[in-house]
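Student: This is the structure I have questions about; it appears just below.
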Amino acid sequence: MTKYELMRWLTFPIMPVHLQTVRHHIKRLVKETTKNNDVMKILDVGGRKSPYTIGIDAKITLLDVPQEAGTREALHLGFTQDILTTIQKKRSNIKDLLIQDMTQSTIDEASYDAVISVEVIEHIVEDELFVKNIFKVIKPGGWAYLTTPNGDYIKNIGPDKNPDHVRHYTKEQLQSTLEAYFDRVEVFYAVKTGKYRVQGLKSYSFDKPLRTIKSIFANIINSYQSKGVAKSAKRTAHLIAIAYKGE
């Protein structure tokens with residue numbers, strides 16, 4: 001474990017609830033599906049600096065598109081060479097880094113035990129091709145884990161519209177998109193939204209101790225608010241999907 005990984009591990013309990021939730025699910029899935037003490041190969045699509053797989057007992061390949069001037073650069077999306085170099089120094093479970101578009105994937109079929117894609121599919125114009133290529137690279141018996149904004153409650157319209165989001169899926173739409181390829185799909189809601197979630201998303205900084213304390217407190221409150229919301233379409237921020245590929 002690197003110093004960076006230790007620091008992140010120590011602070012995970014006070015991080016935003018979405019991060020905590022995703023890590024909890026991934027750790028459980030890895031534990032449940034690891035066979036014969038083998039180390040799983042996982043492709044993290046759109047992972048970039050992905051904190052979601054830090055410390056996960058698996059061989060992680062990060063995949064993202066190249067960062068380009070414009071919206072991607074402004075929103076800090078995609079890979080740059082500096083990002084790649086930094087990740088390789090900080091992360092011990094990163095086995096490979098790929099710069100490519102998943103809708104134009106050149107990865108061999110059945111190359112990975114699982115695929116993780118956190119808050120990515122809403123950015124993809126060709127979402128069906130994106131899902132098809134994810135399905136293709138997963139080995140039989142593997143799974144895909146995706147999260148995306150909850151389109152049943154959060155509409156990407158008006159003055160708060162995210163310019164890089166193509167769509168916000170409803171639960172039914174996400175289920176249908178994944179069921180076109182995967183044999184079994186579970187979709188559920190996650191993370192209660194409101195003032196505590198919003199405050200908790202504000203970054204921590206030693207230069208702004210009061211804001212940091214407020215954000216930590218907000219994340220602790222939000223973690224309790226978010227218990228038992230898997231069937232709650234209203235006032236939840238995210239959809240989470242686990243899609244299983246048959247043997």
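Residue names in the structure tokens use chain letters A, B, ... in the order shown, residue numbers from 1 in each chain, and ligand numbers from 1 in the order shown.
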Residues of range 76-174 of chain A in strand (DSSP E) according to DSSP, as a PDB file with N, CA and C atoms, in the first residue's frame?
Tutor:
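Saved as selection21.pdb:
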```pdb
ATOM      1  N   ILE A  94      -2.874  -0.836  -9.989  1.00  0.00           N
ATOM      2  CA  ILE A  94      -3.063  -0.503 -11.399  1.00  0.00           C
ATOM      3  C   ILE A  94      -2.080  -1.307 -12.249  1.00  0.00           C
ATOM      4  N   LYS A  95      -2.612  -2.164 -13.089  1.00  0.00           N
ATOM      5  CA  LYS A  95      -1.764  -3.024 -13.924  1.00  0.00           C
ATOM      6  C   LYS A  95      -1.630  -2.526 -15.350  1.00  0.00           C
ATOM      7  N   ASP A  96      -2.583  -1.683 -15.792  1.00  0.00           N
ATOM      8  CA  ASP A  96      -2.493  -1.180 -17.159  1.00  0.00           C
ATOM      9  C   ASP A  96      -3.326   0.099 -17.262  1.00  0.00           C
ATOM     10  N   LEU A  97      -2.996   0.927 -18.242  1.00  0.00           N
ATOM     11  CA  LEU A  97      -3.706   2.173 -18.514  1.00  0.00           C
ATOM     12  C   LEU A  97      -3.968   2.252 -20.010  1.00  0.00           C
ATOM     13  N   LEU A  98      -5.220   2.428 -20.377  1.00  0.00           N
ATOM     14  CA  LEU A  98      -5.594   2.459 -21.782  1.00  0.00           C
ATOM     15  C   LEU A  98      -6.252   3.783 -22.125  1.00  0.00           C
ATOM     16  N   ILE A  99      -5.792   4.415 -23.196  1.00  0.00           N
ATOM     17  CA  ILE A  99      -6.424   5.633 -23.682  1.00  0.00           C
ATOM     18  C   ILE A  99      -7.192   5.270 -24.951  1.00  0.00           C
ATOM     19  N   TYR A 112     -11.653  -9.586 -19.411  1.00  0.00           N
ATOM     20  CA  TYR A 112     -11.730  -9.167 -18.008  1.00  0.00           C
ATOM     21  C   TYR A 112     -12.816  -9.937 -17.259  1.00  0.00           C
ATOM     22  N   ASP A 113     -12.589 -10.076 -15.967  1.00  0.00           N
ATOM     23  CA  ASP A 113     -13.579 -10.737 -15.120  1.00  0.00           C
ATOM     24  C   ASP A 113     -14.760  -9.824 -14.817  1.00  0.00           C
ATOM     25  N   ALA A 114     -14.514  -8.525 -14.850  1.00  0.00           N
ATOM     26  CA  ALA A 114     -15.578  -7.568 -14.536  1.00  0.00           C
ATOM     27  C   ALA A 114     -15.227  -6.203 -15.113  1.00  0.00           C
ATOM     28  N   VAL A 115     -16.255  -5.372 -15.240  1.00  0.00           N
ATOM     29  CA  VAL A 115     -16.079  -3.995 -15.699  1.00  0.00           C
ATOM     30  C   VAL A 115     -16.796  -3.064 -14.734  1.00  0.00           C
ATOM     31  N   ILE A 116     -16.137  -1.967 -14.377  1.00  0.00           N
ATOM     32  CA  ILE A 116     -16.726  -0.931 -13.536  1.00  0.00           C
ATOM     33  C   ILE A 116     -16.802   0.346 -14.354  1.00  0.00           C
ATOM     34  N   SER A 117     -17.940   1.022 -14.280  1.00  0.00           N
ATOM     35  CA  SER A 117     -18.089   2.284 -15.002  1.00  0.00           C
ATOM     36  C   SER A 117     -18.953   3.216 -14.156  1.00  0.00           C
ATOM     37  N   VAL A 118     -18.316   4.123 -13.456  1.00  0.00           N
ATOM     38  CA  VAL A 118     -18.986   4.979 -12.477  1.00  0.00           C
ATOM     39  C   VAL A 118     -19.215   6.380 -13.063  1.00  0.00           C
ATOM     40  N   ILE A 138     -16.165  -8.789 -21.117  1.00  0.00           N
ATOM     41  CA  ILE A 138     -16.325  -9.525 -19.865  1.00  0.00           C
ATOM     42  C   ILE A 138     -16.345 -11.032 -20.129  1.00  0.00           C
ATOM     43  N   LYS A 139     -15.641 -11.765 -19.292  1.00  0.00           N
ATOM     44  CA  LYS A 139     -15.637 -13.217 -19.397  1.00  0.00           C
ATOM     45  C   LYS A 139     -16.997 -13.791 -19.001  1.00  0.00           C
ATOM     46  N   PRO A 140     -17.360 -14.962 -19.523  1.00  0.00           N
ATOM     47  CA  PRO A 140     -18.599 -15.616 -19.078  1.00  0.00           C
ATOM     48  C   PRO A 140     -18.606 -15.774 -17.553  1.00  0.00           C
ATOM     49  N   GLY A 141     -19.741 -15.446 -16.939  1.00  0.00           N
ATOM     50  CA  GLY A 141     -19.842 -15.508 -15.488  1.00  0.00           C
ATOM     51  C   GLY A 141     -19.421 -14.225 -14.789  1.00  0.00           C
ATOM     52  N   GLY A 142     -18.991 -13.238 -15.567  1.00  0.00           N
ATOM     53  CA  GLY A 142     -18.545 -11.976 -14.990  1.00  0.00           C
ATOM     54  C   GLY A 142     -19.673 -10.979 -14.823  1.00  0.00           C
ATOM     55  N   TRP A 143     -19.325  -9.768 -14.428  1.00  0.00           N
ATOM     56  CA  TRP A 143     -20.337  -8.753 -14.153  1.00  0.00           C
ATOM     57  C   TRP A 143     -19.850  -7.356 -14.535  1.00  0.00           C
ATOM     58  N   ALA A 144     -20.824  -6.471 -14.685  1.00  0.00           N
ATOM     59  CA  ALA A 144     -20.553  -5.047 -14.899  1.00  0.00           C
ATOM     60  C   ALA A 144     -21.257  -4.262 -13.803  1.00  0.00           C
ATOM     61  N   TYR A 145     -20.584  -3.245 -13.307  1.00  0.00           N
ATOM     62  CA  TYR A 145     -21.140  -2.382 -12.258  1.00  0.00           C
ATOM     63  C   TYR A 145     -21.143  -0.953 -12.787  1.00  0.00           C
ATOM     64  N   LEU A 146     -22.322  -0.346 -12.866  1.00  0.00           N
ATOM     65  CA  LEU A 146     -22.447   1.004 -13.400  1.00  0.00           C
ATOM     66  C   LEU A 146     -23.249   1.884 -12.450  1.00  0.00           C
ATOM     67  N   THR A 147     -22.889   3.163 -12.397  1.00  0.00           N
ATOM     68  CA  THR A 147     -23.719   4.147 -11.712  1.00  0.00           C
ATOM     69  C   THR A 147     -23.939   5.324 -12.649  1.00  0.00           C
ATOM     70  N   THR A 148     -25.037   6.044 -12.422  1.00  0.00           N
ATOM     71  CA  THR A 148     -25.397   7.174 -13.263  1.00  0.00           C
ATOM     72  C   THR A 148     -26.401   8.029 -12.493  1.00  0.00           C
ATOM     73  N   PRO A 149     -26.569   9.301 -12.847  1.00  0.00           N
ATOM     74  CA  PRO A 149     -27.569  10.117 -12.152  1.00  0.00           C
ATOM     75  C   PRO A 149     -28.977   9.521 -12.272  1.00  0.00           C
TER      76      PRO A 149
END
```
Student: Using CA of Ala180 in chain A and CA of Lys132 in chain A as the two end points, give the distance in Å to one decimal.
Tutor: 8.5 Å
Student: So which residues touch Gly46 in chain A within 12 Å, counting only C-alpha atoms, skipping near sequence neighbours fewer than 2 positions away, as a short mmCIF file (atom, residue, chain, number, x, y, z; two decimals) with N, CA and C atoms, in the first residue's frame?
Tutor:
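Written out: out09.cif:
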```cif
data_model
loop_
_atom_site.label_atom_id
_atom_site.label_comp_id
_atom_site.auth_asym_id
_atom_site.auth_seq_id
_atom_site.Cartn_x
_atom_site.Cartn_y
_atom_site.Cartn_z
N LEU A 43 -11.70 -4.04 -15.47
CA LEU A 43 -11.54 -2.87 -16.33
C LEU A 43 -12.39 -1.74 -15.76
N ASP A 44 -11.75 -0.63 -15.42
CA ASP A 44 -12.43 0.54 -14.87
C ASP A 44 -12.59 1.55 -16.01
N ARG A 48 -10.11 7.22 -15.05
CA ARG A 48 -9.17 8.32 -14.85
C ARG A 48 -8.48 8.21 -13.50
N LYS A 49 -8.75 9.13 -12.55
CA LYS A 49 -8.13 9.06 -11.23
C LYS A 49 -8.91 8.18 -10.27
N SER A 50 -9.87 7.45 -10.78
CA SER A 50 -10.88 6.69 -10.04
C SER A 50 -10.48 6.30 -8.63
N PRO A 51 -11.11 6.93 -7.60
CA PRO A 51 -10.86 6.52 -6.22
C PRO A 51 -11.64 5.27 -5.84
N TYR A 52 -12.56 4.85 -6.71
CA TYR A 52 -13.47 3.76 -6.37
C TYR A 52 -12.78 2.42 -6.25
N THR A 61 -7.29 -2.25 -14.61
CA THR A 61 -6.91 -1.51 -15.81
C THR A 61 -7.82 -0.30 -15.91
N LEU A 62 -7.23 0.89 -15.95
CA LEU A 62 -8.00 2.11 -16.12
C LEU A 62 -8.10 2.46 -17.60
N LEU A 63 -9.30 2.78 -18.04
CA LEU A 63 -9.52 3.16 -19.43
C LEU A 63 -10.26 4.49 -19.46
N ASP A 64 -9.79 5.41 -20.28
CA ASP A 64 -10.51 6.67 -20.47
C ASP A 64 -10.11 7.26 -21.81
N VAL A 65 -10.94 8.18 -22.27
CA VAL A 65 -10.65 8.87 -23.53
C VAL A 65 -9.55 9.90 -23.30
N PRO A 66 -8.88 10.34 -24.36
CA PRO A 66 -7.89 11.41 -24.19
C PRO A 66 -8.59 12.71 -23.83
N GLN A 67 -7.95 13.49 -22.97
CA GLN A 67 -8.52 14.79 -22.61
C GLN A 67 -8.27 15.77 -23.74
N HIS A 76 -12.48 18.38 -16.41
CA HIS A 76 -11.44 17.46 -15.95
C HIS A 76 -11.77 16.02 -16.32
N LEU A 77 -12.21 15.81 -17.55
CA LEU A 77 -12.54 14.47 -18.04
C LEU A 77 -11.43 13.97 -18.94
N GLY A 78 -11.20 12.65 -18.92
CA GLY A 78 -10.23 12.05 -19.81
C GLY A 78 -8.81 12.01 -19.25
N PHE A 79 -7.95 11.31 -19.98
CA PHE A 79 -6.56 11.13 -19.58
C PHE A 79 -5.65 12.17 -20.22
N LEU A 97 -3.00 0.93 -18.24
CA LEU A 97 -3.71 2.17 -18.51
C LEU A 97 -3.97 2.25 -20.01
N LEU A 98 -5.22 2.43 -20.38
CA LEU A 98 -5.59 2.46 -21.78
C LEU A 98 -6.25 3.78 -22.12
N ILE A 99 -5.79 4.42 -23.20
CA ILE A 99 -6.42 5.63 -23.68
C ILE A 99 -7.19 5.27 -24.95
N GLN A 100 -8.50 5.13 -24.78
CA GLN A 100 -9.34 4.85 -25.93
C GLN A 100 -10.80 5.06 -25.56
N ASP A 101 -11.64 5.08 -26.58
CA ASP A 101 -13.08 5.26 -26.43
C ASP A 101 -13.73 3.87 -26.38
N MET A 102 -14.51 3.60 -25.34
CA MET A 102 -15.11 2.27 -25.20
C MET A 102 -16.08 1.95 -26.33
N THR A 103 -16.64 2.98 -26.96
CA THR A 103 -17.53 2.71 -28.10
C THR A 103 -16.74 2.29 -29.34
N VAL A 115 -16.26 -5.37 -15.24
CA VAL A 115 -16.08 -3.99 -15.70
C VAL A 115 -16.80 -3.06 -14.73
N ILE A 116 -16.14 -1.97 -14.38
CA ILE A 116 -16.73 -0.93 -13.54
C ILE A 116 -16.80 0.35 -14.35
N SER A 117 -17.94 1.02 -14.28
CA SER A 117 -18.09 2.28 -15.00
C SER A 117 -18.95 3.22 -14.16
N VAL A 118 -18.32 4.12 -13.46
CA VAL A 118 -18.99 4.98 -12.48
C VAL A 118 -19.21 6.38 -13.06
N GLU A 119 -20.49 6.77 -13.17
CA GLU A 119 -20.88 8.08 -13.67
C GLU A 119 -20.25 8.37 -15.04
N VAL A 120 -20.43 7.42 -15.96
CA VAL A 120 -19.86 7.55 -17.30
C VAL A 120 -20.93 7.46 -18.38
N ILE A 121 -21.85 6.51 -18.28
CA ILE A 121 -22.76 6.22 -19.38
C ILE A 121 -23.61 7.42 -19.76
N GLU A 122 -23.86 8.33 -18.82
CA GLU A 122 -24.66 9.53 -19.13
C GLU A 122 -23.92 10.47 -20.09
N HIS A 123 -22.61 10.27 -20.25
CA HIS A 123 -21.81 11.09 -21.16
C HIS A 123 -21.77 10.52 -22.58
N ILE A 124 -22.27 9.31 -22.76
CA ILE A 124 -22.05 8.57 -24.01
C ILE A 124 -23.22 8.73 -24.98
N PHE A 130 -21.76 1.28 -26.38
CA PHE A 130 -20.95 1.31 -25.16
C PHE A 130 -21.24 0.07 -24.31
N ILE A 134 -18.82 -3.28 -23.53
CA ILE A 134 -18.56 -3.70 -22.15
C ILE A 134 -18.88 -5.17 -22.00
N LEU A 146 -22.32 -0.35 -12.87
CA LEU A 146 -22.45 1.00 -13.40
C LEU A 146 -23.25 1.88 -12.45
N THR A 147 -22.89 3.16 -12.40
CA THR A 147 -23.72 4.15 -11.71
C THR A 147 -23.94 5.32 -12.65
#
```
Student: Quote the spacing between CA of Val229 in chain A and CA of Glu172 in chain A in Å to one decimal place.
Tutor: 16.8 Å
